[in-house]
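Chemist: query_21.txt is reproduced in full below (compact mmCIF, C-alpha atoms and all ligand atoms).
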# COMPACT_ATOMS: atom_id res chain seq x y z
CA MET A 260 0.00 0.00 0.00
CA ASN A 261 2.78 2.43 0.83
CA LYS A 262 5.02 1.32 -1.97
CA ILE A 263 6.55 4.22 -3.82
CA SER A 264 6.19 3.93 -7.54
CA MET A 265 9.54 3.42 -9.19
CA PRO A 266 10.16 5.74 -12.16
CA ALA A 267 10.44 4.02 -15.53
CA ASN A 268 13.45 1.78 -16.04
CA THR A 269 14.63 3.78 -19.01
CA PHE A 270 15.48 7.42 -19.60
CA ALA A 271 15.83 9.12 -22.97
CA ILE A 272 18.94 11.31 -22.90
CA ALA A 273 18.09 14.57 -24.66
CA SER A 274 14.76 12.91 -25.53
CA ASP A 275 16.80 10.98 -28.08
CA LEU A 276 18.91 8.15 -26.64
CA ALA A 277 16.76 5.77 -24.60
CA VAL A 278 18.91 3.83 -22.14
CA ASN A 279 18.33 1.51 -19.23
CA ARG A 280 18.87 3.42 -16.00
CA ILE A 281 21.54 1.09 -14.70
CA GLY A 282 24.50 1.31 -16.99
CA TYR A 283 28.12 0.46 -16.40
CA GLY A 284 31.11 2.63 -15.49
CA ALA A 285 34.16 1.11 -17.18
CA MET A 286 36.92 3.11 -15.46
CA ARG A 287 37.99 0.20 -13.25
CA LEU A 288 38.93 -1.89 -16.29
CA THR A 289 42.36 -0.26 -16.37
CA GLY A 290 45.78 -0.88 -14.89
CA GLN A 291 46.35 -0.08 -11.22
CA PRO A 292 47.28 2.01 -9.40
CA GLY A 293 45.81 5.20 -10.73
CA ASN A 294 43.51 3.68 -13.41
CA PHE A 295 46.63 3.79 -15.57
CA GLY A 296 47.71 1.39 -18.31
CA ALA A 297 45.93 -1.52 -19.93
CA TYR A 298 43.67 -3.72 -17.82
CA PRO A 299 45.89 -6.72 -17.04
CA ASP A 300 43.09 -9.29 -17.45
CA TRP A 301 42.16 -8.01 -20.93
CA ASP A 302 40.10 -11.09 -21.85
CA GLY A 303 38.31 -11.01 -18.48
CA GLY A 304 37.50 -7.34 -19.09
CA LYS A 305 36.05 -8.19 -22.50
CA GLN A 306 33.91 -10.93 -20.97
CA LEU A 307 32.61 -8.58 -18.32
CA LEU A 308 31.64 -5.95 -20.90
CA GLN A 309 29.97 -8.59 -23.05
CA ARG A 310 28.07 -9.95 -20.06
CA ALA A 311 26.92 -6.43 -19.17
CA VAL A 312 25.43 -5.97 -22.63
CA GLU A 313 23.90 -9.46 -22.49
CA LEU A 314 22.19 -8.46 -19.24
CA GLY A 315 20.68 -5.36 -20.83
CA VAL A 316 23.24 -2.67 -20.14
CA ASN A 317 23.08 -0.21 -23.01
CA PHE A 318 24.88 2.75 -21.45
CA ILE A 319 28.63 2.50 -20.86
CA ASP A 320 30.68 5.36 -19.43
CA THR A 321 34.36 5.76 -20.23
CA ALA A 322 36.90 8.54 -20.80
CA GLU A 323 40.10 9.18 -22.69
CA ALA A 324 41.83 9.57 -19.32
CA TYR A 325 41.08 5.97 -18.29
CA GLY A 326 44.20 4.11 -19.27
CA PRO A 327 44.61 6.66 -20.93
CA GLY A 328 43.02 5.35 -24.09
CA PHE A 329 43.19 1.67 -23.10
CA ASN A 330 39.71 1.68 -21.59
CA GLU A 331 38.11 2.83 -24.84
CA GLU A 332 40.21 0.29 -26.77
CA LEU A 333 39.02 -2.50 -24.48
CA ILE A 334 35.38 -1.50 -25.03
CA ALA A 335 35.86 -1.55 -28.80
CA ASP A 336 37.70 -4.87 -28.65
CA ALA A 337 34.89 -6.40 -26.56
CA LEU A 338 31.84 -4.97 -28.25
CA TYR A 339 32.57 -3.73 -31.79
CA PRO A 340 30.54 -4.00 -33.99
CA TYR A 341 28.24 -2.48 -31.42
CA PRO A 342 24.62 -3.39 -30.84
CA GLU A 343 22.43 -0.70 -32.35
CA ASN A 344 21.00 0.50 -29.05
CA LEU A 345 24.32 0.76 -27.19
CA VAL A 346 25.27 4.25 -26.04
CA ILE A 347 28.94 4.75 -25.26
CA ALA A 348 29.56 7.97 -23.41
CA THR A 349 33.13 9.18 -23.25
CA LYS A 350 34.93 12.25 -21.95
CA GLY A 351 37.77 14.53 -22.87
CA GLY A 352 39.71 17.31 -21.23
CA ILE A 353 41.99 15.37 -18.88
CA ASN A 354 45.43 14.16 -19.89
CA LYS A 355 47.11 11.51 -17.80
CA PRO A 356 50.83 11.09 -18.42
CA ALA A 357 51.47 8.99 -15.26
CA PRO A 358 49.38 7.12 -12.66
CA ASP A 359 49.62 9.98 -10.19
CA ARG A 360 49.49 12.88 -12.66
CA ILE A 361 46.08 14.13 -13.72
CA GLN A 362 46.36 17.19 -15.96
CA THR A 363 43.16 19.05 -16.74
CA ASP A 364 43.45 20.43 -20.28
CA GLY A 365 40.33 22.12 -21.59
CA ARG A 366 42.02 24.04 -24.39
CA PRO A 367 39.94 23.80 -27.55
CA GLU A 368 42.78 22.19 -29.49
CA ASN A 369 43.18 19.51 -26.84
CA LEU A 370 39.45 18.79 -26.82
CA ARG A 371 39.47 18.40 -30.60
CA ARG A 372 42.49 16.10 -30.42
CA GLY A 373 40.89 14.05 -27.64
CA CYS A 374 37.55 13.74 -29.40
CA GLU A 375 39.17 12.60 -32.64
CA ALA A 376 41.37 10.10 -30.79
CA SER A 377 38.32 8.70 -28.96
CA LEU A 378 36.47 8.32 -32.26
CA GLN A 379 39.39 6.29 -33.60
CA ARG A 380 39.80 4.11 -30.53
CA LEU A 381 36.08 3.43 -30.30
CA LYS A 382 35.91 2.85 -34.08
CA ILE A 383 32.92 5.11 -34.54
CA GLU A 384 32.11 8.15 -36.62
CA GLN A 385 30.08 9.96 -33.99
CA ILE A 386 30.23 9.92 -30.19
CA ALA A 387 26.68 9.64 -28.84
CA LEU A 388 27.48 11.56 -25.64
CA TYR A 389 30.76 13.47 -25.24
CA GLN A 390 31.38 14.93 -21.82
CA LEU A 391 33.81 17.61 -20.72
CA HIS A 392 35.60 15.66 -17.98
CA ARG A 393 36.28 18.68 -15.82
CA PRO A 394 36.41 22.45 -16.33
CA ASP A 395 40.00 23.66 -16.70
CA PRO A 396 40.73 26.55 -14.32
CA ASN A 397 43.32 27.85 -16.81
CA VAL A 398 40.96 28.01 -19.80
CA PRO A 399 37.79 30.13 -20.00
CA PHE A 400 35.05 27.57 -19.46
CA LEU A 401 32.98 28.77 -22.40
CA GLU A 402 35.95 28.31 -24.74
CA SER A 403 35.97 24.61 -23.82
CA VAL A 404 32.20 24.34 -24.24
CA GLY A 405 32.45 26.27 -27.52
CA MET A 406 34.75 23.60 -28.94
CA LEU A 407 32.32 20.86 -27.92
CA ALA A 408 29.59 22.80 -29.74
CA THR A 409 31.83 23.03 -32.82
CA LEU A 410 32.53 19.29 -32.75
CA GLN A 411 28.79 18.75 -32.44
CA GLN A 412 28.12 20.94 -35.49
CA GLU A 413 30.73 18.92 -37.38
CA GLY A 414 28.82 15.74 -36.52
CA LYS A 415 31.61 14.22 -34.40
CA ILE A 416 29.48 14.50 -31.26
CA ARG A 417 25.76 13.85 -31.06
CA HIS A 418 25.12 15.22 -27.57
CA VAL A 419 27.23 17.29 -25.20
CA GLY A 420 27.56 16.46 -21.52
CA LEU A 421 29.47 18.03 -18.64
CA SER A 422 31.18 16.54 -15.63
CA ASN A 423 32.32 18.05 -12.35
CA VAL A 424 30.48 21.32 -12.92
CA THR A 425 28.47 23.80 -10.87
CA ILE A 426 24.92 24.98 -11.58
CA ASP A 427 26.33 28.32 -12.80
CA GLN A 428 28.59 26.56 -15.27
CA LEU A 429 25.76 24.34 -16.45
CA GLN A 430 23.55 27.36 -17.05
CA ALA A 431 26.30 29.25 -18.87
CA ALA A 432 27.10 26.23 -21.08
CA GLY A 433 23.41 25.87 -21.90
CA GLU A 434 23.56 29.28 -23.59
CA ILE A 435 26.04 27.85 -26.09
CA THR A 436 24.58 24.42 -26.78
CA ALA A 437 22.00 22.10 -25.25
CA ILE A 438 23.54 20.15 -22.39
CA ALA A 439 22.25 16.58 -22.40
CA SER A 440 23.84 15.25 -19.22
CA VAL A 441 25.75 16.06 -16.07
CA GLN A 442 28.11 13.66 -14.33
CA ASN A 443 29.09 14.64 -10.78
CA ARG A 444 29.74 12.71 -7.59
CA PHE A 445 26.52 11.82 -5.78
CA SER A 446 25.38 8.96 -3.58
CA ILE A 447 23.41 8.25 -0.47
CA SER A 448 26.56 9.04 1.53
CA ASP A 449 27.63 12.12 -0.43
CA ARG A 450 24.93 14.63 -1.22
CA THR A 451 27.23 17.54 -2.01
CA ASN A 452 25.66 17.85 -5.46
CA GLU A 453 22.04 17.62 -4.35
CA ASP A 454 21.15 21.09 -5.72
CA LEU A 455 22.78 20.35 -9.04
CA PHE A 456 20.92 17.04 -9.23
CA ASN A 457 17.60 18.78 -8.50
CA TYR A 458 18.36 21.38 -11.17
CA CYS A 459 19.00 18.61 -13.72
CA THR A 460 15.78 16.85 -12.75
CA LYS A 461 13.81 20.07 -13.17
CA HIS A 462 15.30 20.65 -16.62
CA ASN A 463 15.11 17.01 -17.76
CA ILE A 464 18.90 16.75 -18.07
CA ALA A 465 20.30 13.26 -17.48
CA PHE A 466 22.11 13.10 -14.14
CA ILE A 467 24.83 10.44 -14.06
CA PRO A 468 26.20 10.17 -10.52
CA TYR A 469 29.66 8.71 -10.12
CA GLY A 470 30.80 7.04 -6.93
CA SER A 471 27.25 5.75 -6.49
CA LEU A 472 28.63 3.01 -4.24
CA GLY A 473 30.63 5.53 -2.27
CA ALA A 474 33.98 4.60 -3.80
CA HIS A 475 37.04 6.81 -4.00
CA PRO A 476 38.04 6.92 -7.69
CA LEU A 477 41.62 5.87 -6.99
CA LYS A 478 40.94 3.27 -4.30
CA ARG A 479 39.41 -0.18 -4.53
CA GLY A 480 36.22 -1.07 -2.72
CA ALA A 481 32.70 0.23 -2.23
CA PRO A 482 32.11 1.57 1.28
CA LEU A 483 28.34 1.31 0.80
CA ALA A 484 28.62 -2.43 0.12
CA ASN A 485 29.57 -2.92 3.76
CA ALA A 486 27.32 -0.28 5.28
CA SER A 487 25.70 -0.97 8.62
CA GLY A 488 22.78 0.78 10.33
CA ILE A 489 19.62 1.80 8.46
CA LEU A 490 20.94 0.81 5.04
CA ALA A 491 21.80 -2.67 6.27
CA GLU A 492 18.44 -2.99 8.07
CA ILE A 493 16.45 -2.11 4.97
CA ALA A 494 18.65 -4.41 2.88
CA HIS A 495 17.97 -7.24 5.32
CA ARG A 496 14.22 -6.62 5.06
CA HIS A 497 14.38 -6.94 1.26
CA GLY A 498 16.80 -9.88 1.33
CA VAL A 499 19.41 -7.90 -0.62
CA LYS A 500 22.74 -6.19 0.09
CA PRO A 501 23.27 -2.61 1.34
CA ASN A 502 24.96 -1.55 -1.92
CA GLN A 503 21.85 -2.64 -3.82
CA ILE A 504 19.67 -0.47 -1.59
CA ALA A 505 22.05 2.45 -2.16
CA LEU A 506 21.54 2.05 -5.92
CA ALA A 507 17.79 1.47 -5.64
CA TRP A 508 17.48 4.64 -3.54
CA LEU A 509 19.11 6.65 -6.33
CA LEU A 510 16.79 5.12 -8.91
CA HIS A 511 13.80 6.08 -6.77
CA ARG A 512 14.98 9.69 -6.42
CA ALA A 513 14.13 10.82 -9.95
CA PRO A 514 13.56 9.49 -13.47
CA ASN A 515 16.56 11.31 -14.98
CA ILE A 516 19.18 9.41 -12.94
CA ILE A 517 21.35 6.98 -14.89
CA LEU A 518 23.67 4.88 -12.74
CA ILE A 519 27.15 3.79 -13.74
CA PRO A 520 28.41 1.59 -10.90
CA GLY A 521 31.90 0.33 -11.63
CA THR A 522 33.13 -3.17 -11.03
CA THR A 523 35.71 -5.69 -12.20
CA THR A 524 33.65 -8.78 -11.37
CA ILE A 525 30.66 -10.33 -13.09
CA ALA A 526 29.18 -11.27 -9.70
CA HIS A 527 29.17 -7.63 -8.60
CA LEU A 528 27.88 -6.53 -11.99
CA GLU A 529 24.90 -8.87 -11.66
CA GLU A 530 24.29 -7.78 -8.09
CA ASN A 531 24.31 -4.11 -9.06
CA LEU A 532 21.94 -4.65 -11.99
CA ALA A 533 19.52 -6.49 -9.73
CA ALA A 534 18.95 -3.20 -7.86
CA ASN A 535 16.62 -2.37 -10.73
CA SER A 536 13.92 -4.61 -9.37
CA ILE A 537 13.95 -3.45 -5.75
CA ASP A 538 10.76 -1.62 -4.87
CA LEU A 539 11.33 0.56 -1.84
CA LEU A 540 8.47 1.62 0.39
CA THR A 541 7.67 5.30 0.78
CA ASP A 542 8.77 5.33 4.39
CA GLU A 543 12.00 3.55 3.52
CA VAL A 544 12.85 6.20 0.93
CA GLU A 545 12.00 8.89 3.49
CA THR A 546 14.19 7.24 6.11
CA LEU A 547 17.05 6.97 3.65
CA ASN A 548 16.59 10.60 2.64
CA GLN A 549 16.95 11.61 6.27
CA MET A 550 19.90 9.31 6.76
CA ALA A 551 21.71 10.88 3.85
CA LEU A 552 21.05 14.33 5.24
CA ALA A 553 22.36 13.44 8.70
N1 LIG B 601 33.47 12.11 -14.08
C1 LIG B 601 34.36 11.81 -13.17
O1 LIG B 601 35.17 12.65 -12.75
C2 LIG B 601 34.39 10.41 -12.63
C3 LIG B 601 35.17 10.10 -11.50
C4 LIG B 601 35.14 8.79 -11.04
C5 LIG B 601 34.38 7.83 -11.69
N2 LIG B 601 33.65 8.17 -12.79
C6 LIG B 601 32.82 7.18 -13.50
O2 LIG B 601 31.96 6.56 -12.55
C7 LIG B 601 32.11 5.14 -12.61
C8 LIG B 601 31.93 4.56 -11.22
O3 LIG B 601 32.83 5.14 -10.32
P1 LIG B 601 33.74 4.30 -9.33
O4 LIG B 601 34.09 3.00 -9.97
O5 LIG B 601 34.86 5.16 -8.89
O6 LIG B 601 32.85 4.11 -8.05
P2 LIG B 601 31.65 3.15 -7.59
O7 LIG B 601 30.83 2.74 -8.72
O8 LIG B 601 31.03 3.84 -6.43
O9 LIG B 601 32.40 1.88 -6.95
C9 LIG B 601 33.27 1.03 -7.61
C10 LIG B 601 33.98 0.17 -6.57
O10 LIG B 601 33.01 -0.58 -5.87
C11 LIG B 601 33.29 -1.97 -5.93
N3 LIG B 601 32.00 -2.66 -6.16
C12 LIG B 601 31.19 -2.52 -7.24
N4 LIG B 601 30.09 -3.27 -7.12
C13 LIG B 601 30.20 -3.90 -5.92
C14 LIG B 601 29.38 -4.83 -5.24
N5 LIG B 601 28.23 -5.25 -5.77
N6 LIG B 601 29.81 -5.30 -4.04
C15 LIG B 601 30.98 -4.89 -3.49
N7 LIG B 601 31.80 -3.99 -4.11
C16 LIG B 601 31.42 -3.52 -5.32
C17 LIG B 601 34.22 -2.15 -7.08
O11 LIG B 601 35.13 -3.20 -6.78
P3 LIG B 601 35.06 -4.61 -7.58
O12 LIG B 601 35.79 -4.38 -8.84
O13 LIG B 601 35.72 -5.56 -6.63
O14 LIG B 601 33.60 -4.92 -7.79
C18 LIG B 601 34.96 -0.82 -7.17
O15 LIG B 601 36.15 -0.81 -6.40
C19 LIG B 601 33.50 4.93 -13.20
O16 LIG B 601 33.62 3.68 -13.82
C20 LIG B 601 33.59 6.07 -14.18
O17 LIG B 601 32.93 5.68 -15.37
C21 LIG B 601 33.64 9.44 -13.25
Translate the structure of the given file into structure tokens.
Ligand SMILES: NC(=O)c1ccc[n+]([C@@H]2O[C@H](COP(=O)([O-])OP(=O)(O)OC[C@H]3O[C@@H](n4cnc5c(N)ncnc54)[C@H](OP(=O)(O)O)[C@@H]3O)[C@@H](O)[C@H]2O)c1
Modeler:
Amino acid sequence: MNKISMPANTFAIASDLAVNRIGYGAMRLTGQPGNFGAYPDWDGGKQLLQRAVELGVNFIDTAEAYGPGFNEELIADALYPYPENLVIATKGGINKPAPDRIQTDGRPENLRRGCEASLQRLKIEQIALYQLHRPDPNVPFLESVGMLATLQQEGKIRHVGLSNVTIDQLQAAGEITAIASVQNRFSISDRTNEDLFNYCTKHNIAFIPYGSLGAHPLKRGAPLANASGILAEIAHRHGVKPNQIALAWLLHRAPNIILIPGTTTIAHLEENLAANSIDLLTDEVETLNQMALA
């Protein structure tokens, strides 16, 4: 009776690309430490990507910086020729010359180079969703966005997305070209970007939270998988794991959320995808909302 109705299982990015709301974040299929170098178990990585698609994943998030380059190559090696409905979202604007060196580079010429290199590695003629990985403090933000708009006009990008931005930046970018998606950190344990998320929901912009399992991008493990307290209690009630409740809570928050939990194991992949069928009760969602605010 007090079940909250779960929004639809799919969301159409920019009213154009319909994807299942649990996708896959591929960043972890890289060398370690630092998500640097080729994934050592290349064949295992291919199998995981193929299994994800088999299970209905049709949204995969990657970036030039992952590897760098190797992550996109692995995706192409595993999945090309791609199923028609598969959306591969990649990002540019970060160069990574060493595991511990992350260089933001939002200069237009670097974005063009990165976009063209991603097209080659992914073996495609157009990137369905190209995201600015992070605004570069040394380059006027709108110059970076302007280059994405140019690449879009040239047909190399279908839709433009942003990552690690503020509401002000999102609004300013929207004056230059339609912004289809925003990717910022957000989870039940980190609500720093709550206002940005609400803004995206209001404007029907896809919101793609990273770290949805509470992970640190450069460390292994998902803190929310081992959560205790309310999350564990609700998980116990549903006969599932706390990390699945953390994902289900996000899905219940709004229809424009697309999840990209990252994993290197098929068992975890399957567990994460199963969060799709967890129906939370209204009071459980309320309790979790309060917990996250605490
Ligand atoms: N835009 C950005 O700046 C940015 C930054 C970071 C990440 N991202 C994107 O977001 C995606 C996800 O981020 P993330 O990988 O850092 O964080 P995450 O999804 O919160 O967590 C991934 C970590 O959780 C573990 N895990 C996953 N499923 C699990 C399960 N069912 N049970 C127990 N542990 C589990 C994984 O280890 P196992 O391999 O052992 O499963 C991995 O270490 C990335 O792949 C990337 O596409 C974007």
Chemist: Measuring between all atoms listed in the file, which one of A:Glu375, A:Asp449, A:Glu368, A:Asp336 shows the shortest distance to ligand LIG 601 (chain B)?
Modeler: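 Nearest to ligand LIG 601 (chain B): A:Asp449.
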Chemist: Could you report the residues within 6 Å of ligand LIG 601 (chain B), using all atoms listed in the file, as a PyMOL selection string?
Modeler: chain A and resi 284-287+320-321+392+422+442+469-476+479-481+484+519-524+527+530-531
Chemist: Could you tell me how far atom CA of A:Ser377 sits from atom CA of A:Leu314, in Å to one decimal place?
Modeler: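 Atom CA of A:Ser377 lies at a distance of 25.5 Å from atom CA of A:Leu314.
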Chemist: May I ask which of the residues A:Ala534, A:Asp542, A:Asp395, A:Gln412 is the closest one to A:Asn268, counting all atoms listed in the file?
Modeler: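 Closest candidate: A:Ala534.
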Chemist: So that I can see what lies close to A:Ala337, please list as a list of chain:residue names the residues with an atom at most 7 Å from it, counting only C-alpha atoms and leaving out residues fewer than 2 positions away in the same chain.
Modeler: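 Result of the neighbour search: A:Lys305, A:Leu308, A:Gln309, A:Leu333, A:Ile334, A:Ala335, A:Tyr339.
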Chemist: How far is it from atom CA of A:Pro342 to atom CA of A:Ile383, in Å with one decimal?
Modeler: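 Separating atom CA of A:Pro342 from atom CA of A:Ile383 is a distance of 12.4 Å.
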Chemist: Smallest atom-to-atom distance to A:Asn548: which of A:Thr436, A:Ser448, A:Gln385, A:Thr425, using all atoms listed in the file?
Modeler: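 With all atoms listed in the file as the atom set, the closest residue is A:Ser448.
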Chemist: With all atoms listed in the file as the basis for distance, which of A:Gly296, A:Leu477, A:Glu543, A:Arg512 is at the shortest distance from A:Phe329?
Modeler: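 The closest residue to A:Phe329 is A:Gly296.
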Chemist: For each of A:Ile386, A:Val544, A:Ala494, A:Ile426, take the minimum atom-to-atom distance to A:Gly414, counting all atoms listed in the file, then give the residue where this is smallest.
Modeler: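 Closest to A:Gly414 of all the choices is A:Ile386.
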Chemist: If we count all atoms listed in the file and set the cut-off at 6 Å, which residues sit around A:Pro468, ignoring sequence neighbours fewer than 2 positions away in its own chain? Please answer as a ChimeraX atom specification.
Modeler: /A:442-445
Chemist: Could you state the separation of atom CA of A:Asp427 and atom CA of A:Phe400 in Å, given to one decimal place?
Modeler: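 Between these atoms lies a distance of 11.0 Å.
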Chemist: At a cut-off of 10 Å, using only C-alpha atoms, what residues contact A:Thr409? Leave out same-chain residues fewer than 4 positions from it and give the result as a PyMOL selection string.
Modeler: chain A and resi 367+371+404-405+413-416+436
Chemist: With all atoms listed in the file as the atoms that count, which of A:Asn423, A:Asn330, A:Asn354, A:Asn369 lies nearest to A:Phe466?
Modeler: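 Among A:Asn423, A:Asn330, A:Asn354, A:Asn369, it is A:Asn423 that comes nearest to A:Phe466.
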Chemist: For A:Leu518, work out the shell of residues within 7 Å, counting all atoms listed in the file and skipping chain neighbours fewer than 5 positions away, then give it as a list in words.
Modeler: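 My list of contacting residues is Arg280, Ile281, Gly282, Ile467 and Pro468 of chain A.
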Chemist: With all atoms listed in the file as the counted atoms, please give the residues lying no more than 9 Å from A:Pro514, apart from itself and same-chain residues fewer than 5 positions off, as a PyMOL selection string.
Modeler: chain A and resi 265-270+280+460+463+465
Chemist: Taking all atoms of stretch 362-376 of chain A that appear in the file, build a box with edges along x, y and z, extend it by 8 Å on every side, and state its centre and edge lengths in Å to one decimal, as AutoDock Vina command-line options.
Modeler:
--center_x 42.0 --center_y 17.1 --center_z -24.3 --size_x 24.8 --size_y 29.9 --size_z 32.7
Chemist: Starting from the sparse input, extend stretch 422-438 of chain A to N, CA, C and O atoms and give the output as an mmCIF file, in the frame of the given file.
Modeler:
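The resulting selection13.cif:
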data_model
loop_
_atom_site.group_PDB
_atom_site.id
_atom_site.type_symbol
_atom_site.label_atom_id
_atom_site.label_comp_id
_atom_site.auth_asym_id
_atom_site.auth_seq_id
_atom_site.Cartn_x
_atom_site.Cartn_y
_atom_site.Cartn_z
ATOM 1 N N SER A 422 30.892 17.269 -16.858
ATOM 2 C CA SER A 422 31.180 16.540 -15.630
ATOM 3 C C SER A 422 31.920 17.463 -14.670
ATOM 4 O O SER A 422 32.696 18.321 -15.099
ATOM 5 N N ASN A 423 31.650 17.264 -13.397
ATOM 6 C CA ASN A 423 32.320 18.050 -12.350
ATOM 7 C C ASN A 423 32.084 19.552 -12.515
ATOM 8 O O ASN A 423 33.026 20.348 -12.473
ATOM 9 N N VAL A 424 30.823 19.905 -12.719
ATOM 10 C CA VAL A 424 30.480 21.320 -12.920
ATOM 11 C C VAL A 424 29.567 21.828 -11.801
ATOM 12 O O VAL A 424 29.025 21.052 -11.015
ATOM 13 N N THR A 425 29.396 23.147 -11.797
ATOM 14 C CA THR A 425 28.470 23.800 -10.870
ATOM 15 C C THR A 425 27.189 24.156 -11.653
ATOM 16 O O THR A 425 27.177 24.100 -12.895
ATOM 17 N N ILE A 426 26.161 24.554 -10.915
ATOM 18 C CA ILE A 426 24.920 24.980 -11.580
ATOM 19 C C ILE A 426 25.202 26.192 -12.475
ATOM 20 O O ILE A 426 24.718 26.271 -13.607
ATOM 21 N N ASP A 427 26.022 27.125 -11.988
ATOM 22 C CA ASP A 427 26.330 28.320 -12.800
ATOM 23 C C ASP A 427 26.992 27.924 -14.116
ATOM 24 O O ASP A 427 26.658 28.460 -15.175
ATOM 25 N N GLN A 428 27.915 26.997 -14.039
ATOM 26 C CA GLN A 428 28.590 26.560 -15.270
ATOM 27 C C GLN A 428 27.614 25.862 -16.210
ATOM 28 O O GLN A 428 27.637 26.065 -17.426
ATOM 29 N N LEU A 429 26.748 25.048 -15.629
ATOM 30 C CA LEU A 429 25.760 24.340 -16.450
ATOM 31 C C LEU A 429 24.854 25.332 -17.173
ATOM 32 O O LEU A 429 24.585 25.195 -18.378
ATOM 33 N N GLN A 430 24.419 26.348 -16.433
ATOM 34 C CA GLN A 430 23.550 27.360 -17.050
ATOM 35 C C GLN A 430 24.291 28.112 -18.153
ATOM 36 O O GLN A 430 23.761 28.323 -19.245
ATOM 37 N N ALA A 431 25.524 28.491 -17.873
ATOM 38 C CA ALA A 431 26.300 29.250 -18.870
ATOM 39 C C ALA A 431 26.541 28.396 -20.119
ATOM 40 O O ALA A 431 26.406 28.876 -21.251
ATOM 41 N N ALA A 432 26.850 27.125 -19.926
ATOM 42 C CA ALA A 432 27.100 26.230 -21.080
ATOM 43 C C ALA A 432 25.843 26.072 -21.909
ATOM 44 O O ALA A 432 25.898 26.003 -23.143
ATOM 45 N N GLY A 433 24.694 26.045 -21.220
ATOM 46 C CA GLY A 433 23.410 25.870 -21.900
ATOM 47 C C GLY A 433 23.088 27.008 -22.859
ATOM 48 O O GLY A 433 22.265 26.875 -23.763
ATOM 49 N N GLU A 434 23.755 28.144 -22.666
ATOM 50 C CA GLU A 434 23.560 29.280 -23.590
ATOM 51 C C GLU A 434 24.269 29.012 -24.917
ATOM 52 O O GLU A 434 23.965 29.628 -25.932
ATOM 53 N N ILE A 435 25.241 28.109 -24.879
ATOM 54 C CA ILE A 435 26.040 27.850 -26.090
ATOM 55 C C ILE A 435 25.509 26.659 -26.869
ATOM 56 O O ILE A 435 25.423 26.686 -28.095
ATOM 57 N N THR A 436 25.171 25.598 -26.134
ATOM 58 C CA THR A 436 24.580 24.420 -26.780
ATOM 59 C C THR A 436 23.755 23.666 -25.736
ATOM 60 O O THR A 436 23.966 23.834 -24.529
ATOM 61 N N ALA A 437 22.825 22.861 -26.204
ATOM 62 C CA ALA A 437 22.000 22.100 -25.250
ATOM 63 C C ALA A 437 22.875 21.108 -24.500
ATOM 64 O O ALA A 437 23.644 20.362 -25.125
ATOM 65 N N ILE A 438 22.755 21.090 -23.193
ATOM 66 C CA ILE A 438 23.540 20.150 -22.390
ATOM 67 C C ILE A 438 22.648 18.952 -22.052
ATOM 68 O O ILE A 438 21.604 19.099 -21.411
#
